[in-house]
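Peer 1: One structure, pasted below without further comment.
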Amino acid sequence: MTATRNNPSPQRRLGWMPSLLLALALALPGSALAGTDRWVIDPDHFAVGFLVDHAGFARVMGMFLEAEGEFSFNPESGELEGGHFVIQTDSVFTNHDERDDHLRNEDFLNVEEYPEMRFTATGYQPTGDNSGRLSGGLELLGETRIIELDVTINKVARYPFPLGGLFGRPYVLGASMRGSFNRSDFGMTYGLTRDIVGDKVELIIEFEAQRQ
């Protein structure tokens with residue numbers, strides 16, 4: 001017996017089911033985030049900034065204009081399986097050309113020999129419902145030191161407007177991070193003896209990451 005327009009086959013009657021189930025799964029806000037997922041940081045929403053004291057008068061504010069990163073994380077449990085940031089050191093910017101050139105040479109970042117600065121996460125400890133402490137190794141000038149970053153998870157939700165991909169609105173995790181390190185721990189000692197440039201580097205990191 002063949003199916004007619006008034007009596008469609010079971011296959012035709014159920015053909016819409018997979019699409020409906022997929023759409024429902026994508027619409028669920030909580031259960032869709034139940035596992036540990038891979039998140040890739042959106043380079044257009046990734047800001048890596050820093051503050052360094054200048055002769056005691058004020059702190060110079062700068063940033064790195066090129067960075068990327070990803071991590072495996074469960075926002076509900078706070079479980080981190082791994083992650084990293086990679087920063088292009090020659091993208092340093094302080095809104096002063098001469099100072100930026102100086103930061104790129106051997107006195108500071110030595111970008112020709114060390115074009116990248118990398119942070120590799122080793123652990124995450126939740127400290128509240130939307131906060132935690134991220135530890136990891138910071139690799140700079142060929143040296144690696146353990147640092148900690150205070151994390152605030154600002155929001156985990158479907159994006160409010162299309163960014164491409166399936167249905168155009170991915171799940172996004174937005175976070176703010178703060179931390180610091182002493183540049184002398186990496187052998188960067190220019191200006192320390194006369195207190196021209198401070199040793200402590202304060203980090204300011206803001207990002208949005210898309211769930212893959």
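Scheme for the structure tokens: letters A, B, ... for chains in order shown; per-chain residue numbers from 1; ligand numbers from 1 in order shown.
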Kindly assemble as a tab-separated table a list of the stretch 55-171 of chain A residues that lie within 10 Å of stretch 187-204 of chain A, each paired with its nearest atom pair and their distance in Å to one decimal, using only C-alpha atoms, sorted first by chain and then by ascending residue number.
Peer 2:
```
residue	atom	partner	partner_atom	distance
A:Ala55	CA	A:Ile196	CA	4.3
A:Gly56	CA	A:Asp195	CA	7.7
A:Phe57	CA	A:Ile196	CA	9.7
A:Arg59	CA	A:Gly198	CA	8.7
A:Val60	CA	A:Val197	CA	9.4
A:Met61	CA	A:Glu202	CA	9.5
A:Gly62	CA	A:Ile204	CA	9.8
A:Met63	CA	A:Ile204	CA	8.7
A:Glu106	CA	A:Met188	CA	9.0
A:Asp107	CA	A:Tyr190	CA	5.8
A:Phe108	CA	A:Met188	CA	5.9
A:Leu109	CA	A:Met188	CA	8.0
A:Asn110	CA	A:Met188	CA	9.7
A:Leu140	CA	A:Gly187	CA	9.2
A:Leu141	CA	A:Gly187	CA	7.6
A:Gly142	CA	A:Gly187	CA	9.4
A:Glu143	CA	A:Gly187	CA	8.2
A:Leu149	CA	A:Leu203	CA	8.5
```
Peer 1: Which polymer residues have any atom within 10 Å of an atom of A:Thr127, counting only C-alpha atoms, with same-chain residues fewer than 6 positions away left out, as a ChimeraX atom specification?
Peer 2: /A:78,133,150-152
Peer 1: Of the candidates A:Phe186, A:Phe85, A:Phe119, A:Phe73, which shows the shortest atom-to-atom distance to A:Arg211, using only C-alpha atoms?
Peer 2: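 Among the listed residues, the smallest separation from A:Arg211 belongs to A:Phe73.
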Peer 1: May I ask which of the residues A:Thr144, A:Thr120, A:Thr89, A:Asn154 is the closest one to A:Glu206, counting only C-alpha atoms?
Peer 2: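 Using only C-alpha atoms, the shortest distance to A:Glu206 belongs to A:Asn154.
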Peer 1: From a DSSP calculation on the backbone, collect every residue of stretch 56-145 of chain A in strand (DSSP E) and output the set as a PyMOL selection string.
Peer 2: chain A and resi 58-64+67-74+79-88+92-93+116-128+131-140+143-145
Peer 1: Using only C-alpha atoms, which of the listed residues (A:Arg178, A:Leu173, A:Glu81, A:Arg158) sits closest to A:His45?
Peer 2: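 Ranked by minimum distance to A:His45, first place goes to A:Leu173.
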Peer 1: Could you pull out all residues of chain A with a DSSP call of helix (DSSP H, G or I) and give them as a ChimeraX atom specification?
Peer 2: /A:10-14,17-27,31-33,89-91,97-104,166-168,183-186
Peer 1: Take the residues that were just selected and, keeping N, CA and C atoms, output them as an mmCIF file, in the first residue's frame.
Peer 2:
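What follows is the written file again-v8.cif:
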```cif
data_model
loop_
_atom_site.group_PDB
_atom_site.id
_atom_site.type_symbol
_atom_site.label_atom_id
_atom_site.label_comp_id
_atom_site.auth_asym_id
_atom_site.auth_seq_id
_atom_site.Cartn_x
_atom_site.Cartn_y
_atom_site.Cartn_z
ATOM 1 N N PRO A 10 4.285 6.451 8.070
ATOM 2 C CA PRO A 10 4.876 6.752 9.376
ATOM 3 C C PRO A 10 6.186 7.507 9.257
ATOM 4 N N GLN A 11 7.016 7.184 8.236
ATOM 5 C CA GLN A 11 8.273 7.888 8.073
ATOM 6 C C GLN A 11 8.043 9.374 7.822
ATOM 7 N N ARG A 12 7.033 9.678 6.988
ATOM 8 C CA ARG A 12 6.758 11.088 6.708
ATOM 9 C C ARG A 12 6.170 11.772 7.924
ATOM 10 N N ARG A 13 5.311 11.039 8.695
ATOM 11 C CA ARG A 13 4.708 11.664 9.867
ATOM 12 C C ARG A 13 5.761 11.998 10.926
ATOM 13 N N LEU A 14 6.846 11.177 11.036
ATOM 14 C CA LEU A 14 7.859 11.375 12.070
ATOM 15 C C LEU A 14 9.112 12.068 11.543
ATOM 16 N N MET A 17 10.623 14.938 13.528
ATOM 17 C CA MET A 17 10.980 14.767 14.921
ATOM 18 C C MET A 17 12.437 15.112 15.230
ATOM 19 N N PRO A 18 13.441 14.627 14.451
ATOM 20 C CA PRO A 18 14.819 14.976 14.782
ATOM 21 C C PRO A 18 15.062 16.482 14.791
ATOM 22 N N SER A 19 14.495 17.194 13.825
ATOM 23 C CA SER A 19 14.689 18.641 13.788
ATOM 24 C C SER A 19 14.079 19.320 14.990
ATOM 25 N N LEU A 20 12.895 18.833 15.405
ATOM 26 C CA LEU A 20 12.246 19.418 16.564
ATOM 27 C C LEU A 20 13.054 19.168 17.829
ATOM 28 N N LEU A 21 13.547 17.928 18.001
ATOM 29 C CA LEU A 21 14.336 17.614 19.185
ATOM 30 C C LEU A 21 15.617 18.434 19.238
ATOM 31 N N LEU A 22 16.251 18.632 18.095
ATOM 32 C CA LEU A 22 17.462 19.444 18.048
ATOM 33 C C LEU A 22 17.174 20.878 18.432
ATOM 34 N N ALA A 23 16.072 21.415 17.910
ATOM 35 C CA ALA A 23 15.708 22.791 18.237
ATOM 36 C C ALA A 23 15.409 22.941 19.723
ATOM 37 N N LEU A 24 14.717 21.927 20.324
ATOM 38 C CA LEU A 24 14.410 21.985 21.745
ATOM 39 C C LEU A 24 15.683 21.916 22.578
ATOM 40 N N ALA A 25 16.606 21.068 22.173
ATOM 41 C CA ALA A 25 17.857 20.942 22.930
ATOM 42 C C ALA A 25 18.642 22.239 22.917
ATOM 43 N N LEU A 26 18.655 22.916 21.779
ATOM 44 C CA LEU A 26 19.380 24.174 21.688
ATOM 45 C C LEU A 26 18.698 25.279 22.474
ATOM 46 N N ALA A 27 17.433 25.131 22.743
ATOM 47 C CA ALA A 27 16.705 26.169 23.456
ATOM 48 C C ALA A 27 16.809 26.026 24.959
ATOM 49 N N SER A 31 20.159 22.752 31.147
ATOM 50 C CA SER A 31 20.600 21.392 30.884
ATOM 51 C C SER A 31 21.565 21.316 29.720
ATOM 52 N N ALA A 32 21.518 22.280 28.815
ATOM 53 C CA ALA A 32 22.430 22.266 27.678
ATOM 54 C C ALA A 32 23.865 22.510 28.110
ATOM 55 N N LEU A 33 24.076 22.982 29.347
ATOM 56 C CA LEU A 33 25.414 23.271 29.829
ATOM 57 C C LEU A 33 25.843 22.267 30.894
ATOM 58 N N THR A 89 53.434 39.219 21.480
ATOM 59 C CA THR A 89 54.098 40.289 22.240
ATOM 60 C C THR A 89 54.340 41.557 21.423
ATOM 61 N N ASP A 90 54.512 41.426 20.105
ATOM 62 C CA ASP A 90 54.757 42.628 19.313
ATOM 63 C C ASP A 90 53.495 43.466 19.118
ATOM 64 N N SER A 91 52.340 42.979 19.628
ATOM 65 C CA SER A 91 51.101 43.751 19.522
ATOM 66 C C SER A 91 50.908 44.688 20.713
ATOM 67 N N ASP A 97 54.263 55.760 20.481
ATOM 68 C CA ASP A 97 55.071 54.966 19.561
ATOM 69 C C ASP A 97 56.468 54.686 20.092
ATOM 70 N N GLU A 98 57.140 55.710 20.640
ATOM 71 C CA GLU A 98 58.508 55.520 21.122
ATOM 72 C C GLU A 98 58.540 54.541 22.292
ATOM 73 N N ARG A 99 57.590 54.674 23.201
ATOM 74 C CA ARG A 99 57.542 53.760 24.338
ATOM 75 C C ARG A 99 57.220 52.336 23.874
ATOM 76 N N ASP A 100 56.317 52.207 22.915
ATOM 77 C CA ASP A 100 55.976 50.872 22.412
ATOM 78 C C ASP A 100 57.170 50.196 21.756
ATOM 79 N N ASP A 101 57.967 50.965 21.008
ATOM 80 C CA ASP A 101 59.183 50.407 20.404
ATOM 81 C C ASP A 101 60.156 49.948 21.483
ATOM 82 N N HIS A 102 60.245 50.720 22.550
ATOM 83 C CA HIS A 102 61.136 50.337 23.653
ATOM 84 C C HIS A 102 60.642 49.055 24.319
ATOM 85 N N LEU A 103 59.349 48.937 24.508
ATOM 86 C CA LEU A 103 58.799 47.729 25.122
ATOM 87 C C LEU A 103 59.058 46.490 24.277
ATOM 88 N N ARG A 104 59.206 46.674 22.980
ATOM 89 C CA ARG A 104 59.426 45.529 22.091
ATOM 90 C C ARG A 104 60.882 45.075 22.065
ATOM 91 N N LEU A 166 25.183 27.369 13.672
ATOM 92 C CA LEU A 166 23.856 26.795 13.684
ATOM 93 C C LEU A 166 22.884 27.724 14.391
ATOM 94 N N PHE A 167 21.831 28.128 13.687
ATOM 95 C CA PHE A 167 20.812 29.050 14.176
ATOM 96 C C PHE A 167 21.376 30.426 14.531
ATOM 97 N N GLY A 168 22.702 30.620 14.390
ATOM 98 C CA GLY A 168 23.279 31.953 14.479
ATOM 99 C C GLY A 168 23.489 32.523 15.856
ATOM 100 N N ARG A 183 57.704 41.315 37.047
ATOM 101 C CA ARG A 183 58.427 41.076 35.795
ATOM 102 C C ARG A 183 59.856 40.622 36.043
ATOM 103 N N SER A 184 60.429 40.983 37.192
ATOM 104 C CA SER A 184 61.791 40.556 37.507
ATOM 105 C C SER A 184 61.890 39.042 37.634
ATOM 106 N N ASP A 185 60.769 38.362 37.945
ATOM 107 C CA ASP A 185 60.781 36.900 38.015
ATOM 108 C C ASP A 185 61.074 36.263 36.671
ATOM 109 N N PHE A 186 60.917 37.040 35.604
ATOM 110 C CA PHE A 186 61.163 36.545 34.248
ATOM 111 C C PHE A 186 62.451 37.129 33.666
#
```
Peer 1: Find, counting only C-alpha atoms, the residue in A:Met177, A:Ile153, A:Met117, A:Leu163 that gets nearest to A:Asp44.
Peer 2: A:Leu163
Peer 1: From the list A:Ser72, A:Pro170, A:Ala67, A:Ile205, which residue is nearest A:Ile87 when using only C-alpha atoms?
Peer 2: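 The answer is A:Ala67, which sits nearest to A:Ile87.
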Peer 1: What separation in Å, quoted to one decimal, exists between atom CA of A:Phe46 and atom CA of A:Phe207?
Peer 2: 4.4 Å
Peer 1: Find the residue from A:Gly136, A:Pro115, A:Gly69, A:Pro75 that sits nearest to A:Gln88; use only C-alpha atoms when measuring.
Peer 2: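 Smallest distance to A:Gln88 is found for A:Pro115.
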Peer 1: In Å to one decimal, how far is atom CA of A:Glu113 from atom CA of A:Thr94?
Peer 2: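 These atoms are spaced 21.1 Å apart.
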Peer 1: Quick one, how far is atom CA of A:Phe64 from atom CA of A:Phe181?
Peer 2: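 Atom CA of A:Phe181 lies 16.3 Å from atom CA of A:Phe64.
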